[in-house]
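Q: For reference, the structure I am asking about is given below.
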Amino acid sequence: MTLTTPSTPSVPPTAASDAAATAYRSALEVIGAVEPAVAAAIHAELDDQRASLKLIASENYASPATLLAMGTWLSDKYAEGTAGHRFYAGCRNVDTVERLAAAHATALFGAPHAYLQPHSGIDANLVAFWAILAQRVEAPALAAAGAKHVNDLSEDDWEQLRRALGEQRMLGMALDAGGHLTHGFRPNISGKMFHQRSYGTDPATELLDYDQVRRLAREFRPLILMAGYSAYPRKVNFAIMRDIADEVGATLLVDMAHFAGLVAGKVFTGEFDPVPHAHLVTTTTHKSLRGPRGGMVLCQREFADAVDHGCPMVLGGPLGHVMAAKAVALAEARRPEFAAYARAVADNALALADGLLRRGARLVTGGTDNHLMLVDVSGFGLTGRQAESALLDAGIVTNRNAIPRDPNGAWYTSGVRIGTPALTTRGFGADEFDATAALIVDVLTAAAPAAAPDGSPSKARYQLPAATAARVRAAAAELLDAHPLYPGLDLS
Ligand code: DSN
């Protein structure tokens, strides 16, 4: 197969220096001396990641510097509170890394305030919910009662406030339209904390229907208008969302966990950049942003104090070692190479989508303008579960995902979500993604549903000819060998 030069820098960000290779070899030796099975699992995970076409839209590969920052004694320190204002003594080094991470985040995203303590995206959303309730419901109630603190309220006033906190409304994107569990999905805590309604996508175009959002917002008058997605393959116009929020007096909360890297790399600017438009923005740090596993909240000044009380009011003790890694990754994201990477993620998504469409796949909305796409696998006669499993057999790692109005529900689904952040980090360019599209279609075409042992139809069972799996694995290995993961990191 002939491949062109990848569009990302020739030295991938995951390249490991001799020092990093020595550090990892030593670390595994030390760990292995205590619990060899853990060292073996860490080693095996590197082998697995090296050997598969990772197309999970929410995963990436962090740099050795980011990963190494997590394996330190900053983990051993309790540091509840915020930098300079802790409930424990001896926090000066955690203060340093937290302040640094926040400074990098505010500079990178142009946000007035950044809170780096959330341990995940769900935690970040909980902190944001808490801050909005504190600022928009609790603070006015305290002012009306002439109290400074909830402990100063009478039992009656406290009961009234508790009821008011439980009566608030959230309008978010429906799960099958691409929203996240925490955007008001009933089984999630967000669907239990708030009276909830969802907006969806236009049945004909499968695109976000801003008129529907506005109509629902006018009817429902939510406290929180939630925007952002986990599985929507298009940009969102946050200027329109803010206009809707302002019209109904809602607080606009944007969950940019999936596309934070595209915002950081200035691929999403103007009305598509949530930071200037939203009251609060939440994100994970490990998806397209390519940092350590964790979360973050950016917000307007009005919400900063409430957000900073995330720990201990919502979260457990902050992870100093992870905040150190966030500072490293955010410093990396401020470099010009990161902007080139983010551009390549989006360009590669176009190449992958084009390669799939040319080979007859149907994509939800007909394509992508971010880092992900949803393949409707029903055209191949498969459920999402069958497609996901067949692709995995051929060394292609994806995840099944519901498509709008999915007849197979959220477990079996009719879609497979795929994204470009991880393989772009490895140095894949448009040609490699076109070759990847060919492999995906090869597998989906060859795979077929299989019956359950009792002969009944199954939404999970499938068959994939061994020859197809072997051919695709070999072609994938050729692509991967040309773009090694963590080159220089030899653990033998
Ligand atoms: N698990 C994340 C994803 O894959 O999109 C969302 O929480």
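Ordering of the structure tokens sets the chain letters (A, B, ...), residue numbers begin anew at 1 in every chain, and ligands are numbered from 1 in the order given.
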DSSP on the backbone: which residues in segment 255-310 of chain A end up as alpha helix (DSSP H)? Give the answer as a PyMOL selection string.
A: chain A and resi 260-264+304-308+310
Q: Could you list, as a list in words, all the residues within 8 Å of ligand 1, counting only C-alpha atoms and all ligand atoms?
A: Ile56, Ala57, Ser58, Glu59, Gly121, Ile122, His180, Leu181, Ser230, Ala231, Ala257 and His258 of chain A
Q: Kindly save the residues from that selection, with C-alpha atoms included, as a PDB file, in the first residue's frame.
A:
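Saved as part_9.pdb:
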ATOM      1  CA  ILE A  56     -12.930   5.105  19.718  1.00  0.00           C
ATOM      2  CA  ALA A  57     -13.804   8.779  19.333  1.00  0.00           C
ATOM      3  CA  SER A  58     -13.270   9.552  23.021  1.00  0.00           C
ATOM      4  CA  GLU A  59      -9.815   7.987  23.389  1.00  0.00           C
ATOM      5  CA  GLY A 121     -16.387  14.547  32.844  1.00  0.00           C
ATOM      6  CA  ILE A 122     -19.333  13.379  34.945  1.00  0.00           C
ATOM      7  CA  HIS A 180     -24.603  12.358  27.161  1.00  0.00           C
ATOM      8  CA  LEU A 181     -26.057  10.423  30.098  1.00  0.00           C
ATOM      9  CA  SER A 230     -20.856  12.589  22.942  1.00  0.00           C
ATOM     10  CA  ALA A 231     -22.064  11.292  19.612  1.00  0.00           C
ATOM     11  CA  ALA A 257     -15.620  16.895  26.548  1.00  0.00           C
ATOM     12  CA  HIS A 258     -15.488  15.440  23.050  1.00  0.00           C
TER      13      HIS A 258
END
Q: For Pro222 of chain A, please output as an NGL selection string all residues within 12 Å (counting only C-alpha atoms; exclusion window: fewer than 5 positions along the same chain).
A: :A and (132 or 136 or 167-172 or 184 or 194-198 or 213-217 or 244-253)
Q: Can I get the selection written as a compact mmCIF listing (two decimals), in the first residue's frame, with C-alpha atoms?
A:
# COMPACT_ATOMS: atom_id res chain seq x y z
CA ILE A 132 -25.58 26.80 38.98
CA ARG A 136 -29.07 30.82 40.78
CA GLU A 167 -37.75 21.62 41.56
CA GLN A 168 -35.32 22.95 38.93
CA ARG A 169 -35.41 22.13 35.22
CA MET A 170 -32.85 21.13 32.66
CA LEU A 171 -33.19 20.99 28.88
CA GLY A 172 -30.49 18.89 27.19
CA GLY A 184 -30.72 14.69 31.90
CA PHE A 194 -33.78 17.94 37.60
CA HIS A 195 -37.14 17.96 35.88
CA GLN A 196 -35.87 17.19 32.45
CA ARG A 197 -36.75 17.52 28.79
CA SER A 198 -34.71 16.74 25.71
CA VAL A 213 -34.64 23.91 21.05
CA ARG A 214 -36.06 27.43 21.19
CA ARG A 215 -39.66 26.21 21.20
CA LEU A 216 -38.98 23.72 24.00
CA ALA A 217 -37.03 26.31 25.99
CA ILE A 244 -32.05 30.89 23.41
CA ALA A 245 -30.76 30.67 26.99
CA ASP A 246 -30.91 34.45 27.39
CA GLU A 247 -34.43 34.63 25.97
CA VAL A 248 -35.77 32.26 28.65
CA GLY A 249 -33.44 33.26 31.51
CA ALA A 250 -31.53 29.94 31.47
CA THR A 251 -27.89 29.32 32.26
CA LEU A 252 -26.02 27.91 29.27
CA LEU A 253 -23.83 24.97 30.24
Q: Could you give me, as a VMD selection string, each residue of segment 59-172 of chain A that DSSP assigns to strand (DSSP E) when run on this structure's backbone?
A: chain A and resid 81 to 82 85 to 86 113 to 115 169 to 172
Q: Could you check how far atom CA of Met226 of chain A sits from atom CA of Glu271 of chain A, in Å to one decimal?
A: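 Interatomic distance, atom CA of Met226 of chain A to atom CA of Glu271 of chain A: 16.0 Å.
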Q: Please identify all polymer residues within 12 Å of Arg358 of chain A, counting only C-alpha atoms, omitting same-chain residues fewer than 4 positions from it, and present them as an mmCIF file with N, CA, C and O atoms, in the first residue's frame.
A:
data_model
loop_
_atom_site.group_PDB
_atom_site.id
_atom_site.type_symbol
_atom_site.label_atom_id
_atom_site.label_comp_id
_atom_site.auth_asym_id
_atom_site.auth_seq_id
_atom_site.Cartn_x
_atom_site.Cartn_y
_atom_site.Cartn_z
ATOM 1 N N LEU A 350 -12.804 14.153 7.877
ATOM 2 C CA LEU A 350 -13.416 14.342 6.550
ATOM 3 C C LEU A 350 -12.951 13.239 5.593
ATOM 4 O O LEU A 350 -13.740 12.700 4.814
ATOM 5 N N ALA A 351 -11.660 12.915 5.661
ATOM 6 C CA ALA A 351 -11.122 11.870 4.769
ATOM 7 C C ALA A 351 -11.732 10.512 5.091
ATOM 8 O O ALA A 351 -12.097 9.747 4.186
ATOM 9 N N LEU A 352 -11.874 10.218 6.381
ATOM 10 C CA LEU A 352 -12.459 8.933 6.788
ATOM 11 C C LEU A 352 -13.933 8.871 6.362
ATOM 12 O O LEU A 352 -14.395 7.863 5.809
ATOM 13 N N ALA A 353 -14.655 9.964 6.606
ATOM 14 C CA ALA A 353 -16.080 10.001 6.232
ATOM 15 C C ALA A 353 -16.230 9.844 4.721
ATOM 16 O O ALA A 353 -17.071 9.064 4.243
ATOM 17 N N ASP A 354 -15.401 10.557 3.989
ATOM 18 C CA ASP A 354 -15.475 10.472 2.527
ATOM 19 C C ASP A 354 -15.181 9.041 2.057
ATOM 20 O O ASP A 354 -15.865 8.501 1.183
ATOM 21 N N ARG A 362 -23.657 4.402 5.092
ATOM 22 C CA ARG A 362 -24.471 5.582 5.407
ATOM 23 C C ARG A 362 -24.001 6.182 6.728
ATOM 24 O O ARG A 362 -23.839 5.460 7.725
ATOM 25 N N LEU A 363 -23.738 7.480 6.718
ATOM 26 C CA LEU A 363 -23.343 8.164 7.947
ATOM 27 C C LEU A 363 -24.494 9.032 8.428
ATOM 28 O O LEU A 363 -25.153 9.702 7.609
ATOM 29 N N GLY A 366 -25.074 12.425 7.141
ATOM 30 C CA GLY A 366 -24.393 12.437 5.842
ATOM 31 C C GLY A 366 -22.921 12.760 5.907
ATOM 32 O O GLY A 366 -22.262 12.872 4.873
ATOM 33 N N GLY A 367 -22.363 12.919 7.101
ATOM 34 C CA GLY A 367 -20.926 13.209 7.163
ATOM 35 C C GLY A 367 -20.504 13.700 8.532
ATOM 36 O O GLY A 367 -21.075 13.302 9.553
ATOM 37 N N ASP A 434 -8.227 6.900 4.650
ATOM 38 C CA ASP A 434 -8.988 6.317 3.534
ATOM 39 C C ASP A 434 -8.773 4.799 3.520
ATOM 40 O O ASP A 434 -9.721 4.029 3.315
ATOM 41 N N ALA A 437 -10.919 3.351 6.124
ATOM 42 C CA ALA A 437 -12.325 3.272 5.694
ATOM 43 C C ALA A 437 -12.535 2.000 4.867
ATOM 44 O O ALA A 437 -13.555 1.297 5.033
ATOM 45 N N ALA A 438 -11.575 1.688 4.003
ATOM 46 C CA ALA A 438 -11.703 0.480 3.170
ATOM 47 C C ALA A 438 -11.742 -0.770 4.049
ATOM 48 O O ALA A 438 -12.539 -1.696 3.799
ATOM 49 N N VAL A 441 -15.208 -1.044 5.817
ATOM 50 C CA VAL A 441 -16.278 -1.491 4.908
ATOM 51 C C VAL A 441 -16.069 -2.958 4.527
ATOM 52 O O VAL A 441 -17.036 -3.726 4.408
#
Q: Using only C-alpha atoms, find the one residue out of A:Asn237, A:Ser154, A:Thr284, A:Thr82 that sits nearest to Phe272 of chain A.
A: A:Asn237
Q: Just the residues within 10 Å of Leu392 of chain A, please, counting only C-alpha atoms, with nothing from its chain fewer than 3 positions along; format it as a list in words.
A: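 Contacts, with the query itself left out: Ser52, Leu53, Lys54, Gln386, Ala387, Glu388, Ser389, Gly395, Ile396, Val397, Thr398, Asn399, Val443, Ala469 and Arg473 of chain A.
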Q: My list of candidates is A:Gly419, A:Thr282, A:Glu478, A:Gly291. Which is closest to Leu126 of chain A when distances are computed with only C-alpha atoms?
A: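 Selected residue with least distance to Leu126 of chain A: A:Thr282.
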